[in-house]
Amino acid sequence: MNYRHAFHAGGFADVVKHAVLVRILLHLRAKPAAFRVIDTHAGAGLYGLAGEEAGRSGEWRDGIGRLVSAPISDQARALLAPYLDAVAACNGAGGGLAIYPGSPALVRAFLRPQDRLIACELEPKAAGALARNLAGDPRCKAIAIDGWTALNAYVPPKERRGLILIDPPFEEAADFPRLAQALAAAYRKWAGGTYLLWYPIKERAGPDALARRLRASAIAKILRAELSLALPAGETRLGACGLIVVNPPWTLAGELGVLLPALAAALDRGAGRGAYRVDWLIGEK
Ligand code: SAM
């Protein structure tokens, strides 16, 4: 395991993933019944943006750094406000950006007393930081466990309401087929859950094969969202990513139709227009 999320914290891919994650959490909060979030590849939870890794890569400057100061339509701003407020809350009253919350910290910010989070992380340093960052909150449990094993072990949650976030590092090409298999197996155990999967787009073969496998699965409703930025010449960073949402909240497709163009414009690096799409792989059209 060489992947260190700290280099990428708050970068464009985190912004896209976390903006959508928060929309799903808000939907879960709309009903009083308890929900549980299982974050299979959680990372450290909080990232210092001036720290050795995030400070060196500077990816956050082109992600959350750009978003907080970009002109955004009122409609998109209203959808992004809860996410941006949660990021601001990690940074105290001064208004600057020193800390970026990863997925478990964002989930925690939206839990009510009755809700629960299980956050799994295998890399020892990140797992230690995660345990410290979630310590003292009885609603949250950090577990140093293989996320794929956790998916099998903790699904379905006893609340029978909630979200499974699957956000592996994609260090190996095998992560794409594994994602489809693991999702299908979890869905067989819990068809009523919402599942959010993130993937990088470096070429089309992996993402397209994932879409084909999912279209051939027994899952009834799958929404896909992809965003690609035009990057300056010579840039080698990741500029495109996708999300799969199984059993999305009924409002999400419409929200993504507002959010993705707003994020494409806000995160634009001046190298041309970005592109996005929101489509149903299975189910509602
Ligand atoms: N979900 C996090 C967020 O949005 O803030 C980012 C997660 S990062 C993309 C993937 C994480 O998975 C890394 O922290 C990595 O150490 C961890 N990881 C790698 N293999 C794992 C495994 N088999 N089980 C659990 N975690 C793993």
# chains A, B, ... in the order shown; residues from 1 in each chain; ligands from 1

$ residues_around --residues "Pro232 in chain A" --least-positions-apart "2" --cutoff "9 Å" --atoms "only C-alpha atoms" --output "ChimeraX atom specification"
/A:230,234-235,269-272

$ residues_around --residues "Arg215 in chain A" --least-positions-apart "5" --cutoff "12 Å" --atoms "only C-alpha atoms" --output "NGL selection string"
:A and (180 or 184 or 208-210 or 220-224 or 244 or 246 or 280-283)

$ write_last_selection --atoms "C-alpha atoms" --output "mmCIF file, in the first residue's frame"
data_model
loop_
_atom_site.group_PDB
_atom_site.id
_atom_site.type_symbol
_atom_site.label_atom_id
_atom_site.label_comp_id
_atom_site.auth_asym_id
_atom_site.auth_seq_id
_atom_site.Cartn_x
_atom_site.Cartn_y
_atom_site.Cartn_z
ATOM 1 C CA ALA A 180 -18.066 -4.371 -9.384
ATOM 2 C CA ALA A 184 -22.785 -6.925 -6.388
ATOM 3 C CA ASP A 208 -16.367 1.507 -19.213
ATOM 4 C CA ALA A 209 -15.826 -2.104 -18.125
ATOM 5 C CA LEU A 210 -17.169 -1.163 -14.679
ATOM 6 C CA ALA A 220 -32.155 -2.082 -9.888
ATOM 7 C CA LYS A 221 -31.068 1.571 -9.801
ATOM 8 C CA ILE A 222 -27.632 2.934 -10.653
ATOM 9 C CA LEU A 223 -26.824 6.569 -11.342
ATOM 10 C CA ARG A 224 -23.425 7.552 -12.774
ATOM 11 C CA ILE A 244 -21.552 5.471 -9.069
ATOM 12 C CA VAL A 246 -26.760 2.776 -6.190
ATOM 13 C CA TRP A 280 -28.635 6.176 -15.360
ATOM 14 C CA LEU A 281 -26.768 2.898 -15.917
ATOM 15 C CA ILE A 282 -29.868 1.053 -14.723
ATOM 16 C CA GLY A 283 -33.291 2.270 -13.718
#

$ closest_atom_pairs --of "range 87-137 of chain A" --to "range 22-28 of chain A" --cutoff "8 Å" --atoms "only C-alpha atoms" --output "CSV"
residue,atom,partner,partner_atom,distance
A:Leu106,CA,A:Val22,CA,7.5
A:Val107,CA,A:Leu25,CA,7.3
A:Phe110,CA,A:Leu25,CA,6.7

$ write_last_selection --atoms "N, CA and C atoms" --output "PDB file, in the first residue's frame"
ATOM      1  N   LEU A 106     -16.334  14.379   7.439  1.00  0.00           N
ATOM      2  CA  LEU A 106     -17.540  14.994   6.872  1.00  0.00           C
ATOM      3  C   LEU A 106     -18.781  14.228   7.305  1.00  0.00           C
ATOM      4  N   VAL A 107     -18.696  12.902   7.271  1.00  0.00           N
ATOM      5  CA  VAL A 107     -19.853  12.106   7.711  1.00  0.00           C
ATOM      6  C   VAL A 107     -20.183  12.457   9.157  1.00  0.00           C
ATOM      7  N   PHE A 110     -22.357  15.323   9.960  1.00  0.00           N
ATOM      8  CA  PHE A 110     -23.789  15.269   9.640  1.00  0.00           C
ATOM      9  C   PHE A 110     -24.536  14.192  10.425  1.00  0.00           C
TER      10      PHE A 110
END

$ closest_residue --among "A:Ala142, A:Thr149, A:Ile164, A:Leu21" --to "Leu79 in chain A" --atoms "only C-alpha atoms"
A:Leu21

$ atom_distance --atom1 "CA of Gly257 in chain A" --atom2 "CA of Arg29 in chain A"
21.7 Å

$ residues_around --residues "Gly45 in chain A" --least-positions-apart "4" --cutoff "12 Å" --atoms "only C-alpha atoms" --output "number ranges by chain"
A: 5-6, 9-10, 39, 41, 90, 99-109, 119-121, 125-135, 140, 142

$ write_last_selection --atoms "N, CA and C atoms" --output "CSV table (one decimal), in the first residue's frame"
chain,number,residue,atom,x,y,z
A,5,HIS,N,-3.4,9.3,0.9
A,5,HIS,CA,-4.4,10.3,0.5
A,5,HIS,C,-4.0,11.7,0.8
A,6,ALA,N,-3.2,11.9,1.8
A,6,ALA,CA,-2.8,13.3,2.3
A,6,ALA,C,-2.3,14.1,1.1
A,9,ALA,N,-5.6,15.3,-0.6
A,9,ALA,CA,-6.7,15.8,0.2
A,9,ALA,C,-7.1,17.2,-0.2
A,10,GLY,N,-8.4,17.4,-0.4
A,10,GLY,CA,-9.0,18.7,-0.8
A,10,GLY,C,-8.8,19.0,-2.3
A,39,ASP,N,-17.8,3.5,5.8
A,39,ASP,CA,-16.8,4.1,5.0
A,39,ASP,C,-15.6,3.0,4.9
A,41,HIS,N,-12.9,2.6,2.9
A,41,HIS,CA,-11.5,3.1,2.7
A,41,HIS,C,-11.5,4.5,3.2
A,90,CYS,N,-14.3,23.1,10.3
A,90,CYS,CA,-13.0,22.5,10.7
A,90,CYS,C,-11.9,23.5,10.8
A,99,ILE,N,-7.1,23.2,7.4
A,99,ILE,CA,-7.5,21.8,7.6
A,99,ILE,C,-8.5,21.4,6.5
A,100,TYR,N,-8.4,20.2,6.0
A,100,TYR,CA,-9.5,19.7,5.1
A,100,TYR,C,-10.0,18.4,5.7
A,101,PRO,N,-11.3,18.3,5.8
A,101,PRO,CA,-11.9,17.0,6.4
A,101,PRO,C,-12.1,16.0,5.3
A,102,GLY,N,-11.6,14.8,5.6
A,102,GLY,CA,-11.8,13.7,4.7
A,102,GLY,C,-13.2,13.1,4.9
A,103,SER,N,-13.6,12.0,4.2
A,103,SER,CA,-14.9,11.5,4.3
A,103,SER,C,-15.4,11.2,5.7
A,104,PRO,N,-14.6,10.5,6.6
A,104,PRO,CA,-15.2,10.2,7.9
A,104,PRO,C,-15.5,11.5,8.7
A,105,ALA,N,-14.6,12.5,8.5
A,105,ALA,CA,-14.9,13.7,9.3
A,105,ALA,C,-16.1,14.4,8.8
A,106,LEU,N,-16.3,14.4,7.4
A,106,LEU,CA,-17.5,15.0,6.9
A,106,LEU,C,-18.8,14.2,7.3
A,107,VAL,N,-18.7,12.9,7.3
A,107,VAL,CA,-19.9,12.1,7.7
A,107,VAL,C,-20.2,12.5,9.2
A,108,ARG,N,-19.2,12.5,10.0
A,108,ARG,CA,-19.4,12.8,11.4
A,108,ARG,C,-20.1,14.1,11.6
A,109,ALA,N,-19.8,15.1,10.8
A,109,ALA,CA,-20.4,16.4,10.9
A,109,ALA,C,-21.9,16.4,10.7
A,119,ALA,N,-15.8,3.5,10.2
A,119,ALA,CA,-14.8,4.0,9.3
A,119,ALA,C,-13.6,3.0,9.3
A,120,CYS,N,-13.3,2.4,8.1
A,120,CYS,CA,-12.2,1.4,8.0
A,120,CYS,C,-11.0,1.9,7.3
A,121,GLU,N,-9.9,1.6,7.8
A,121,GLU,CA,-8.6,2.1,7.2
A,121,GLU,C,-7.5,1.1,7.5
A,125,LYS,N,-0.4,4.2,9.4
A,125,LYS,CA,-0.3,5.6,9.9
A,125,LYS,C,-1.7,6.3,9.7
A,126,ALA,N,-2.3,6.1,8.6
A,126,ALA,CA,-3.6,6.7,8.4
A,126,ALA,C,-4.6,6.1,9.4
A,127,ALA,N,-4.5,4.8,9.7
A,127,ALA,CA,-5.5,4.2,10.6
A,127,ALA,C,-5.3,4.8,12.0
A,128,GLY,N,-4.1,5.0,12.4
A,128,GLY,CA,-3.8,5.7,13.7
A,128,GLY,C,-4.4,7.1,13.8
A,129,ALA,N,-4.2,7.8,12.7
A,129,ALA,CA,-4.7,9.2,12.7
A,129,ALA,C,-6.2,9.2,12.7
A,130,LEU,N,-6.8,8.2,12.0
A,130,LEU,CA,-8.3,8.1,11.9
A,130,LEU,C,-8.8,7.8,13.3
A,131,ALA,N,-8.2,6.9,14.0
A,131,ALA,CA,-8.6,6.5,15.4
A,131,ALA,C,-8.6,7.8,16.3
A,132,ARG,N,-7.5,8.5,16.2
A,132,ARG,CA,-7.4,9.8,17.0
A,132,ARG,C,-8.4,10.8,16.6
A,133,ASN,N,-8.7,10.9,15.3
A,133,ASN,CA,-9.6,12.0,14.9
A,133,ASN,C,-11.0,11.7,15.2
A,134,LEU,N,-11.4,10.4,15.4
A,134,LEU,CA,-12.7,10.0,15.7
A,134,LEU,C,-12.9,9.7,17.2
A,135,ALA,N,-11.8,9.7,17.9
A,135,ALA,CA,-11.8,9.3,19.4
A,135,ALA,C,-12.8,10.2,20.2
A,140,CYS,N,-19.1,7.1,16.5
A,140,CYS,CA,-18.2,6.7,15.4
A,140,CYS,C,-17.2,5.7,15.9
A,142,ALA,N,-13.6,3.8,14.5
A,142,ALA,CA,-12.6,3.6,13.5
A,142,ALA,C,-12.0,2.2,13.7

$ closest_atom_pairs --of "range 77-158 of chain A" --to "range 49-71 of chain A" --cutoff "12 Å" --atoms "only C-alpha atoms" --output "tab-separated table"
residue	atom	partner	partner_atom	distance
A:Arg77	CA	A:Pro71	CA	9.1
A:Leu80	CA	A:Leu67	CA	9.8
A:Ala81	CA	A:Val68	CA	10.2
A:Tyr83	CA	A:Ile64	CA	10.6
A:Leu84	CA	A:Val68	CA	7.5
A:Asp85	CA	A:Val68	CA	10.3
A:Val87	CA	A:Ile64	CA	9.0
A:Ala88	CA	A:Val68	CA	9.6
A:Cys90	CA	A:Leu49	CA	11.9
A:Asn91	CA	A:Leu49	CA	10.8
A:Gly95	CA	A:Val68	CA	10.3
A:Gly96	CA	A:Gly65	CA	9.7
A:Leu97	CA	A:Leu49	CA	7.5
A:Ala98	CA	A:Leu49	CA	5.2
A:Ile99	CA	A:Leu49	CA	5.5
A:Tyr100	CA	A:Leu49	CA	6.7
A:Pro101	CA	A:Leu49	CA	10.1
A:Gly102	CA	A:Leu49	CA	11.8
